[in-house]
>>> print(open('model-v1.txt').read())   # compact mmCIF, C-alpha atoms and all ligand atoms
# COMPACT_ATOMS: atom_id res chain seq x y z
CA MET A 273 0.00 0.00 0.00
CA ILE A 274 2.77 2.42 0.99
CA ILE A 275 4.75 1.54 -2.15
CA GLN A 276 1.64 1.93 -4.29
CA ASN A 277 1.06 5.41 -2.82
CA ILE A 278 4.67 6.42 -3.48
CA ILE A 279 4.44 5.14 -7.05
CA SER A 280 1.22 7.01 -7.76
CA VAL A 281 2.49 10.27 -6.16
CA ILE A 282 5.69 10.19 -8.25
CA ALA A 283 3.74 9.22 -11.36
CA GLN A 284 1.61 12.35 -10.92
CA THR A 285 4.02 14.93 -9.54
CA GLY A 286 7.62 13.75 -9.89
CA PRO A 287 10.17 13.82 -7.08
CA SER A 288 11.13 16.84 -5.01
CA MET A 289 14.72 16.59 -3.84
CA SER A 290 17.95 18.52 -3.74
CA ILE A 291 21.27 17.45 -5.23
CA PRO A 292 24.71 17.92 -3.64
CA GLY A 293 26.22 19.87 -6.57
CA PRO A 294 25.27 21.80 -9.72
CA TYR A 295 22.88 19.95 -12.04
CA TRP A 296 24.98 20.65 -15.17
CA LEU A 297 28.09 19.15 -13.56
CA PHE A 298 26.19 16.10 -12.36
CA THR A 299 24.77 15.60 -15.83
CA VAL A 300 28.13 15.89 -17.61
CA LEU A 301 29.72 13.47 -15.11
CA HIS A 302 26.76 11.11 -15.53
CA TRP A 303 27.27 11.15 -19.34
CA LEU A 304 31.01 10.63 -19.02
CA ILE A 305 30.78 7.73 -16.59
CA LEU A 306 27.97 6.02 -18.42
CA THR A 307 30.09 6.29 -21.59
CA LEU A 308 32.97 4.54 -19.79
CA HIS A 309 30.59 1.86 -18.47
CA LEU A 310 29.17 1.25 -21.94
CA LEU A 311 32.65 1.10 -23.52
CA ALA A 312 33.77 -1.53 -20.99
CA MET A 313 30.51 -3.43 -21.60
CA ASN A 314 31.15 -3.19 -25.37
CA PHE A 315 34.67 -4.58 -25.00
CA LEU A 316 33.21 -7.48 -23.00
CA MET A 317 30.01 -8.30 -24.87
CA GLY A 318 31.36 -7.48 -28.34
CA GLY A 319 34.49 -9.51 -27.61
CA VAL A 320 32.61 -12.54 -26.28
CA LEU A 321 30.10 -12.43 -29.14
CA LEU A 322 32.86 -12.35 -31.76
CA MET A 323 34.84 -15.07 -30.01
CA ILE A 324 31.79 -17.34 -30.24
CA MET A 325 30.47 -16.38 -33.68
CA ALA A 326 33.55 -15.57 -35.77
CA LYS A 327 34.87 -19.12 -35.77
CA ASN A 328 37.39 -18.88 -38.60
CA SER A 329 38.33 -15.25 -38.03
CA PRO A 330 41.92 -14.08 -37.37
CA TYR A 331 40.52 -12.64 -34.12
CA ARG A 332 39.67 -16.08 -32.75
CA LYS A 333 42.73 -17.79 -34.25
CA LEU A 334 45.30 -15.22 -33.11
CA LEU A 335 43.84 -13.79 -29.91
CA PHE A 336 41.96 -16.71 -28.38
CA PHE A 337 43.83 -16.99 -25.05
CA GLU A 338 44.72 -13.30 -24.72
CA ASN A 339 41.04 -12.42 -24.90
CA ILE A 340 39.69 -15.20 -22.73
CA LYS A 341 42.23 -14.22 -20.08
CA VAL A 342 41.17 -10.60 -20.09
CA PHE A 343 37.39 -11.16 -19.90
CA PRO A 344 37.23 -11.44 -16.05
CA THR A 345 39.11 -8.12 -15.71
CA VAL A 346 36.91 -6.37 -18.28
CA MET A 347 33.85 -7.75 -16.48
CA ALA A 348 35.16 -6.26 -13.20
CA ALA A 349 35.71 -2.91 -14.96
CA THR A 350 32.17 -3.01 -16.43
CA ILE A 351 30.64 -3.61 -13.01
CA THR A 352 32.77 -1.01 -11.21
CA LEU A 353 32.05 1.57 -13.89
CA GLY A 354 28.33 0.67 -13.62
CA VAL A 355 28.17 1.63 -9.95
CA ALA A 356 29.00 5.30 -10.65
CA PRO A 357 26.17 5.98 -13.15
CA LEU A 358 23.86 4.19 -10.70
CA LEU A 359 24.82 6.79 -8.07
CA PHE A 360 24.01 9.67 -10.42
CA LEU A 361 20.84 7.96 -11.55
CA GLN A 362 19.60 7.59 -7.98
CA VAL A 363 20.55 11.14 -7.01
CA ILE A 364 18.80 12.75 -9.98
CA TYR A 365 16.19 10.28 -11.27
CA GLY A 366 16.11 8.02 -8.20
CA GLU A 367 12.39 7.79 -7.70
CA PHE A 368 11.80 6.97 -11.37
CA PHE A 369 14.49 4.32 -11.53
CA TYR A 370 13.54 2.70 -8.24
CA SER A 371 9.81 2.72 -8.99
CA ALA A 372 10.53 0.85 -12.23
CA SER A 373 12.94 -1.47 -10.38
CA ILE A 374 10.28 -2.31 -7.75
CA ILE A 375 7.72 -3.12 -10.45
CA SER A 376 10.14 -5.61 -12.06
CA GLY A 377 11.78 -6.38 -8.71
CA TRP A 378 12.47 -10.07 -9.21
CA GLN A 379 14.06 -9.66 -12.60
CA TRP A 380 16.15 -6.81 -11.20
CA LEU A 381 17.29 -8.85 -8.17
CA LEU A 382 18.16 -11.81 -10.40
CA ILE A 383 20.90 -9.67 -11.98
CA ILE A 384 23.14 -10.24 -8.94
CA PRO A 385 23.20 -14.09 -8.95
CA VAL A 386 23.43 -14.10 -12.74
CA LEU A 387 26.47 -11.78 -12.61
CA LEU A 388 28.09 -14.02 -9.98
CA VAL A 389 27.67 -17.11 -12.18
CA VAL A 390 28.94 -15.28 -15.28
CA TYR A 391 31.97 -14.05 -13.35
CA TYR A 392 32.72 -17.57 -12.15
CA LEU A 393 32.42 -18.98 -15.67
CA PHE A 394 34.75 -16.33 -17.11
CA TYR A 395 37.32 -17.18 -14.45
CA THR A 396 36.95 -20.91 -15.12
CA ALA A 397 37.35 -20.38 -18.87
CA SER A 398 40.45 -18.28 -18.31
CA ILE A 399 42.35 -20.30 -15.69
CA LYS A 400 41.32 -23.95 -15.94
CA LYS A 401 44.21 -25.55 -17.84
CA SER A 402 42.51 -28.90 -18.52
CA LEU A 403 39.69 -27.31 -20.56
CA SER A 404 39.65 -27.83 -24.32
CA ASP A 405 39.11 -24.88 -26.66
CA SER A 406 35.56 -26.01 -27.39
CA GLY A 407 34.92 -26.35 -23.63
CA ARG A 408 36.02 -22.73 -23.18
CA ILE A 409 33.72 -21.61 -26.00
CA LYS A 410 30.81 -23.43 -24.35
CA LEU A 411 31.47 -21.58 -21.09
CA LEU A 412 31.60 -18.29 -23.02
CA LEU A 413 28.26 -19.14 -24.61
CA ILE A 414 26.60 -19.68 -21.21
CA SER A 415 28.23 -16.46 -19.93
CA LEU A 416 26.91 -14.57 -22.95
CA THR A 417 23.37 -15.79 -22.18
CA GLY A 418 23.78 -14.31 -18.67
CA LEU A 419 25.07 -11.01 -20.07
CA VAL A 420 22.13 -10.86 -22.48
CA PHE A 421 19.78 -11.27 -19.51
CA VAL A 422 21.56 -8.53 -17.50
CA SER A 423 21.78 -6.02 -20.36
CA PHE A 424 18.21 -6.63 -21.52
CA THR A 425 16.89 -6.23 -17.96
CA ILE A 426 18.72 -2.90 -17.54
CA THR A 427 17.36 -1.65 -20.88
CA MET A 428 13.84 -2.83 -19.98
CA ILE A 429 13.92 -1.08 -16.60
CA SER A 430 15.53 2.10 -17.99
CA ASP A 431 12.70 2.32 -20.52
CA LEU A 432 10.05 1.66 -17.86
CA ALA A 433 11.58 4.36 -15.62
CA SER A 434 10.76 6.96 -18.30
CA LYS A 435 7.11 5.91 -18.47
CA PRO A 436 5.38 6.68 -15.14
CA TYR A 437 1.97 6.33 -16.83
CA LEU A 438 2.54 2.55 -16.99
CA TRP A 439 3.47 2.03 -13.34
CA ALA A 440 0.19 1.99 -11.41
CA GLU A 441 -1.45 -0.69 -13.55
CA LEU A 442 1.69 -2.84 -13.69
CA TYR A 443 2.17 -2.59 -9.95
CA GLN A 444 -1.46 -3.48 -9.22
CA SER A 445 -1.33 -6.48 -11.55
CA SER A 446 1.61 -7.91 -9.55
CA PRO A 447 2.47 -6.05 -6.31
CA SER A 448 5.14 -8.64 -5.51
CA GLY A 449 7.35 -7.41 -8.36
CA TRP A 450 6.78 -9.81 -11.24
CA SER A 451 5.57 -7.29 -13.84
CA LEU A 452 7.56 -6.57 -16.98
CA ASN A 453 7.67 -3.48 -19.18
CA PRO A 454 4.96 -4.05 -21.82
CA SER A 455 6.76 -1.84 -24.43
CA TRP A 456 8.40 -4.88 -26.02
CA GLY A 457 9.04 -3.37 -29.44
CA GLN A 458 10.81 -0.29 -28.07
CA THR A 459 12.80 -2.29 -25.53
CA ILE A 460 13.97 -4.89 -28.04
CA PHE A 461 15.12 -2.39 -30.68
CA ARG A 462 16.76 -0.14 -28.08
CA TRP A 463 18.65 -3.19 -26.83
CA ILE A 464 19.60 -4.39 -30.34
CA HIS A 465 20.86 -0.87 -31.06
CA ILE A 466 23.11 -0.96 -27.98
CA MET A 467 24.37 -4.48 -28.71
CA SER A 468 25.16 -3.56 -32.32
CA GLY A 469 27.11 -0.60 -30.95
CA ALA A 470 29.04 -3.10 -28.79
CA LEU A 471 30.06 -4.95 -31.95
CA ALA A 472 31.18 -1.71 -33.61
CA VAL A 473 33.33 -0.75 -30.62
CA ALA A 474 34.79 -4.28 -30.50
CA GLY A 475 35.83 -3.78 -34.16
CA ILE A 476 37.79 -0.64 -33.21
CA ILE A 477 39.38 -2.48 -30.25
CA ILE A 478 40.55 -5.24 -32.63
CA GLN A 479 42.21 -2.56 -34.77
CA LEU A 480 43.92 -1.22 -31.63
CA TYR A 481 45.33 -4.71 -30.96
CA VAL A 482 47.02 -4.49 -34.36
CA LEU A 483 48.74 -1.28 -33.29
CA TYR A 484 49.85 -2.31 -29.81
CA PHE A 485 49.84 -6.10 -29.29
CA ASP A 486 53.32 -7.47 -30.08
CA LYS A 487 51.90 -10.81 -31.20
CA VAL A 488 49.67 -9.30 -33.91
CA LYS A 489 51.39 -5.96 -34.56
CA GLY A 490 50.86 -4.87 -38.16
CA ASN A 491 48.67 -7.89 -39.00
CA ARG A 492 46.67 -6.66 -41.99
CA GLU A 493 44.17 -9.51 -41.93
CA LEU A 494 43.21 -8.62 -38.36
CA LEU A 495 43.09 -4.92 -39.19
CA PHE A 496 40.73 -5.63 -42.07
CA PHE A 497 38.60 -7.93 -39.90
CA GLY A 498 38.27 -5.22 -37.20
CA GLY A 499 37.16 -2.75 -39.87
CA ARG A 500 34.53 -5.17 -41.21
CA VAL A 501 33.19 -5.82 -37.70
CA PHE A 502 32.92 -2.06 -37.11
CA LEU A 503 31.00 -1.52 -40.35
CA MET A 504 28.65 -4.43 -39.64
CA GLY A 505 27.99 -3.14 -36.11
CA VAL A 506 27.33 0.43 -37.25
CA LEU A 507 24.95 -0.61 -40.03
CA SER A 508 23.02 -2.86 -37.68
CA ALA A 509 22.95 -0.13 -34.97
CA ALA A 510 21.65 2.43 -37.48
CA THR A 511 18.89 0.06 -38.67
CA ALA A 512 17.79 -0.75 -35.09
CA ALA A 513 17.85 2.98 -34.20
CA VAL A 514 15.58 3.91 -37.12
CA ILE A 515 13.10 1.15 -36.18
CA TYR A 516 13.29 2.22 -32.50
CA LEU A 517 12.51 5.85 -33.41
CA LEU A 518 9.59 4.72 -35.58
CA THR A 519 8.12 2.70 -32.69
CA LEU A 520 7.98 5.82 -30.47
CA GLU A 521 4.61 7.49 -29.98
CA PRO A 522 4.26 10.24 -32.67
CA VAL A 523 4.05 12.99 -30.02
CA VAL A 524 7.27 11.78 -28.33
CA LEU A 525 9.08 11.53 -31.67
CA ARG A 526 7.91 15.03 -32.68
CA GLN A 527 9.08 16.54 -29.40
CA PHE A 528 12.42 14.70 -29.65
CA LEU A 529 12.94 16.05 -33.17
CA HIS A 530 12.47 19.56 -31.75
CA SER A 531 14.86 18.98 -28.81
CA PRO A 532 18.68 19.39 -28.65
CA GLY A 533 18.72 15.58 -28.98
CA LEU A 534 18.26 15.94 -32.76
CA HIS A 535 21.48 18.00 -33.13
CA VAL A 536 23.40 15.61 -30.91
CA LEU A 537 22.11 12.61 -32.86
CA THR A 538 22.98 14.24 -36.20
CA THR A 539 26.54 14.96 -34.98
CA ALA A 540 26.84 11.34 -33.82
CA ILE A 541 25.75 10.10 -37.27
CA VAL A 542 28.32 12.34 -39.01
CA ILE A 543 31.03 11.10 -36.64
CA ASN A 544 30.18 7.48 -37.38
CA ILE A 545 30.34 8.14 -41.13
CA ILE A 546 33.82 9.68 -40.63
CA ILE A 547 34.91 6.62 -38.59
CA ALA A 548 33.58 4.28 -41.32
CA PHE A 549 35.66 6.20 -43.89
CA LEU A 550 38.80 6.07 -41.69
CA VAL A 551 38.31 2.38 -40.95
CA TYR A 552 38.00 1.64 -44.67
CA LYS A 553 41.08 3.74 -45.52
CA SER A 554 43.16 2.28 -42.67
CA SER A 555 42.72 -1.26 -44.07
CA GLU A 556 44.44 -0.10 -47.28
CA SER A 557 47.04 2.20 -45.77
CA LEU A 558 50.68 1.26 -45.15
CA SER A 559 50.75 3.39 -41.99
CA PRO A 560 47.30 2.94 -40.45
CA LYS A 561 48.22 4.19 -36.95
CA PRO A 562 46.95 7.81 -37.21
CA MET A 563 43.69 6.64 -38.77
CA VAL A 564 43.07 3.88 -36.21
CA LEU A 565 43.83 6.24 -33.32
CA THR A 566 41.54 8.93 -34.74
CA SER A 567 38.78 6.32 -35.19
CA ALA A 568 39.21 5.21 -31.57
CA ILE A 569 38.96 8.79 -30.25
CA LEU A 570 35.95 9.48 -32.49
CA ALA A 571 34.31 6.22 -31.35
CA PHE A 572 34.59 7.46 -27.75
CA VAL A 573 32.99 10.77 -28.79
CA GLY A 574 30.31 8.84 -30.73
CA VAL A 575 29.30 6.76 -27.70
CA PHE A 576 29.32 9.92 -25.53
CA LEU A 577 26.95 11.61 -28.00
CA MET A 578 24.67 8.55 -27.96
CA VAL A 579 24.52 8.77 -24.16
CA MET A 580 23.57 12.46 -24.53
CA THR A 581 20.88 11.58 -27.08
CA ARG A 582 19.47 9.03 -24.64
CA HIS A 583 19.39 11.78 -21.97
CA TYR A 584 17.43 14.19 -24.19
CA LEU A 585 14.97 11.45 -25.14
CA ARG A 586 14.44 10.70 -21.43
CA LEU A 587 13.69 14.40 -20.83
CA VAL A 588 11.07 14.28 -23.60
CA PHE A 589 9.44 11.24 -21.98
CA LEU A 590 9.41 12.96 -18.58
CA GLU A 591 8.26 16.35 -19.84
CA GLY A 592 5.52 17.77 -17.62
CA LYS A 593 6.33 15.20 -14.92
CA PHE A 594 9.86 16.07 -13.90
CA ASP A 595 12.48 18.67 -14.74
CA PRO A 596 15.90 17.72 -13.29
CA ALA A 597 17.24 21.22 -14.00
CA ALA A 598 14.70 22.56 -11.46
CA LEU A 599 16.12 20.42 -8.62
CA GLN A 600 17.43 22.40 -5.67
CA THR A 601 21.16 22.36 -5.00
CA SER A 602 22.42 21.81 -1.47
CA ASP A 603 25.49 23.64 -0.18
CA ASP A 604 27.23 20.51 1.03
CA TYR A 605 29.76 19.72 -1.72
CA SER A 606 31.70 17.13 0.29
CA PRO A 607 30.12 14.03 -1.42
CA LEU A 608 30.96 15.54 -4.83
CA ILE A 609 34.57 16.28 -3.84
CA MET A 610 34.97 12.77 -2.44
CA PHE A 611 33.51 11.34 -5.64
CA LEU A 612 35.85 13.40 -7.85
CA ILE A 613 38.93 12.33 -5.90
CA THR A 614 38.07 8.60 -6.07
CA PHE A 615 36.99 8.97 -9.71
CA VAL A 616 40.36 10.43 -10.74
CA ILE A 617 42.24 7.72 -8.80
CA GLY A 618 40.04 5.08 -10.50
CA LEU A 619 40.69 6.54 -13.97
CA VAL A 620 44.46 6.60 -13.42
CA ALA A 621 44.35 2.94 -12.29
CA LEU A 622 42.23 1.98 -15.31
CA PHE A 623 44.59 3.78 -17.71
CA TRP A 624 47.59 2.06 -16.10
CA MET A 625 45.92 -1.37 -16.45
CA LEU A 626 45.03 -0.78 -20.11
CA LYS A 627 48.58 0.38 -20.84
CA LYS A 628 50.01 -2.73 -19.21
CA TYR A 629 47.59 -5.01 -21.03
CA PHE A 630 48.09 -3.55 -24.51
CA GLY A 631 51.84 -3.21 -23.93
CA SER A 632 52.45 -6.80 -22.84
CA PRO A 633 49.33 -8.98 -22.70
CA GLU A 634 51.15 -12.15 -21.62
CA LYS A 635 52.64 -10.55 -18.51
CA ALA A 636 49.51 -8.49 -17.75
C1 LIG A 701 28.49 -7.02 -17.05
C2 LIG A 701 27.27 -6.74 -16.85
C3 LIG A 701 26.57 -5.52 -17.40
C4 LIG A 701 26.12 -5.30 -18.65
C5 LIG A 701 26.23 -6.24 -19.82
C6 LIG A 701 25.50 -3.99 -18.67
C7 LIG A 701 24.89 -3.41 -19.76
C8 LIG A 701 24.28 -2.19 -19.77
C9 LIG A 701 23.54 -1.64 -20.88
C10 LIG A 701 23.27 -2.34 -22.19
C11 LIG A 701 23.09 -0.42 -20.53
C12 LIG A 701 22.29 0.55 -21.37
C13 LIG A 701 20.81 0.42 -21.04
C14 LIG A 701 19.96 1.32 -21.90
O1 LIG A 701 20.15 2.51 -21.91
O2 LIG A 701 19.08 0.82 -22.58
C15 LIG A 701 23.55 -0.18 -19.20
C16 LIG A 701 23.28 0.94 -18.48
C17 LIG A 701 23.47 1.02 -17.14
N1 LIG A 701 24.16 0.12 -16.34
FE1 LIG A 701 25.01 -1.60 -16.91
N2 LIG A 701 25.59 -3.44 -17.43
C18 LIG A 701 26.23 -4.35 -16.63
C19 LIG A 701 26.50 -4.25 -15.29
C20 LIG A 701 26.06 -3.20 -14.53
C21 LIG A 701 26.15 -3.13 -13.10
C22 LIG A 701 26.71 -4.23 -12.20
C23 LIG A 701 25.61 -1.94 -12.73
C24 LIG A 701 25.45 -1.35 -11.36
C25 LIG A 701 26.15 -1.61 -10.35
C26 LIG A 701 25.19 -1.26 -13.92
C27 LIG A 701 24.61 -0.04 -13.97
C28 LIG A 701 24.09 0.57 -15.07
C29 LIG A 701 23.36 1.79 -15.03
C30 LIG A 701 23.06 2.57 -13.77
C31 LIG A 701 22.96 2.07 -16.33
C32 LIG A 701 22.08 3.20 -16.82
C33 LIG A 701 22.60 4.50 -16.39
C34 LIG A 701 21.68 5.61 -16.74
O3 LIG A 701 20.54 5.43 -17.18
O4 LIG A 701 22.10 6.70 -16.55
N3 LIG A 701 25.46 -2.05 -14.98
N4 LIG A 701 24.28 -1.28 -18.76
>>> encode(input="model-v1.txt", output="structure tokens")
Amino acid sequence: MIIQNIISVIAQTGPSMSIPGPYWLFTVLHWLILTLHLLAMNFLMGGVLLMIMAKNSPYRKLLFFENIKVFPTVMAATITLGVAPLLFLQVIYGEFFYSASIISGWQWLLIIPVLLVVYYLFYTASIKKSLSDSGRIKLLLISLTGLVFVSFTITMISDLASKPYLWAELYQSSPSGWSLNPSWGQTIFRWIHIMSGALAVAGIIIQLYVLYFDKVKGNRELLFFGGRVFLMGVLSAATAAVIYLLTLEPVVLRQFLHSPGLHVLTTAIVINIIIAFLVYKSSESLSPKPMVLTSAILAFVGVFLMVMTRHYLRLVFLEGKFDPAALQTSDDYSPLIMFLITFVIGLVALFWMLKKYFGSPEKA
């Protein structure tokens, strides 16, 4: 009863809270950290997917053990970098996110045991010496199923959090937390869009291996393969995005096309076209390094812009219900300062780990 009252009050009026820092700074940090989380997730899911699917690829033939060994670490990075956006989400959109999480409570709670099993399987695949190659691939396949569950659940709940008008009925139909977001079409294409993006980013990471991994340095076949994976991922992401936009309610789509989200989205499309051109050129070039590095930097910017687009679309969904820019700011900046200090330390550690890994994968 209490939860139902909270849900219906938020659905009608939105939350009234204050945040411990300026809204613009919180939003930029939220975008940045979610970008890092998604990039780590892309490295993991794109890498696992390719390892399973691209059987005869140079990626699987040349980088089989190096990649399987790094998956547990990338998984740890994905989870750690997921905690930070969760903090921002709960500070700014907390009541929306938690209302949606309560409605699909059991699916949400299942994420934790599923992650534990996936983690265990990644470790087993990476350290158990007696396993055959096909045994390792089988473990990766089960892990991927778990990651699909986790990522789809997060997408489903993120979408539900933007739609307070669905909550009351869903909650009443199953107050114990078994309801699912009924917007299947939107959820599925949003998720396919994100997974295709993971493939595209994995393609760029493969090209980075060619620049920095001693074992495959200068390998043109791998460079070409990375480029093809990027192009496949981008085309599939673009197709899913168009279908996703077409499944939106006409009024939401119209408002989105009149919001800053349209400019951000257009810039992201242009950036991806530039990357596609660079990726194509780098496969032919005798000195691909500048092009691959530029593609990698632009891919980071591209994912950042996608995160921004997602933010503007959320604002359109919540229009009239909640305006985060109107939240009061408290004078106590100590949580923000503490966050910034630990964030910088975390980034330095992450950079150091990546440098070690790309510099000398065997030792790392
Ligand atoms: C390895 C497992 C994980 C995968 C595959 C994964 C995947 C994803 C995906 C696909 C999204 C985008 C959802 C969307 O916008 O539709 C996302 C967002 C998010 N993830 Fe993860 N995630 C993982 C682990 C985690 C963990 C453990 C946490 C929290 C501790 C977390 C926190 C978040 C948050 C808070 C967002 C949304 C942030 C926002 O809306 O601002 N993730 N994740």
>>> residues_near_ligand(input="model-v1.txt", ligand="ligand LIG 701 (chain A)", cutoff="9 Å", atoms="only C-alpha atoms and all ligand atoms", output="PyMOL selection string")
chain A and resi 302-303+305-306+309-310+312-314+316-317+346-362+365+369+383-384+387+390-391+416+418-431+459+462-463+465-467+470+579+582-583
>>> closest_residue(input="model-v1.txt", among="A:Leu334, A:Ser434, A:Leu311, A:Met323", to="Arg408 of chain A", atoms="only C-alpha atoms")
A:Met323
>>> closest_residue(input="model-v1.txt", among="A:Pro522, A:Gly498, A:Pro330, A:Gly407", to="Ala472 of chain A", atoms="all atoms listed in the file")
A:Gly498
>>> atom_distance(input="model-v1.txt", atom1="atom CA of Gly618 of chain A", atom2="atom CA of Ser415 of chain A")
26.3 Å
>>> closest_residue(input="model-v1.txt", among="A:Val620, A:Val482, A:Val588, A:Leu494", to="Lys561 of chain A", atoms="only C-alpha atoms")
A:Val482
>>> residues_around(input="model-v1.txt", residues="Ser531 of chain A", least_positions_apart="2", cutoff="10 Å", atoms="only C-alpha atoms", output="PyMOL selection string")
chain A and resi 525-529+533-536+581+584-585+587-588
>>> closest_residue(input="model-v1.txt", among="A:Gly505, A:Gly377, A:Gly475, A:Pro562", to="Trp450 of chain A", atoms="only C-alpha atoms")
A:Gly377
>>> residues_around(input="model-v1.txt", residues="Glu493 of chain A", least_positions_apart="2", cutoff="12 Å", atoms="all atoms listed in the file", output="MDAnalysis selection string")
chainID A and resid 329:331 333:334 478:479 482 488:491 495:500 554:556
>>> axis_aligned_box(input="model-v1.txt", around="segment 595-610 of chain A", padding_each_side="4 Å", output="JSON")
{"center_x": 23.7, "center_y": 18.2, "center_z": -6.9, "size_x": 30.5, "size_y": 18.9, "size_z": 23.8}
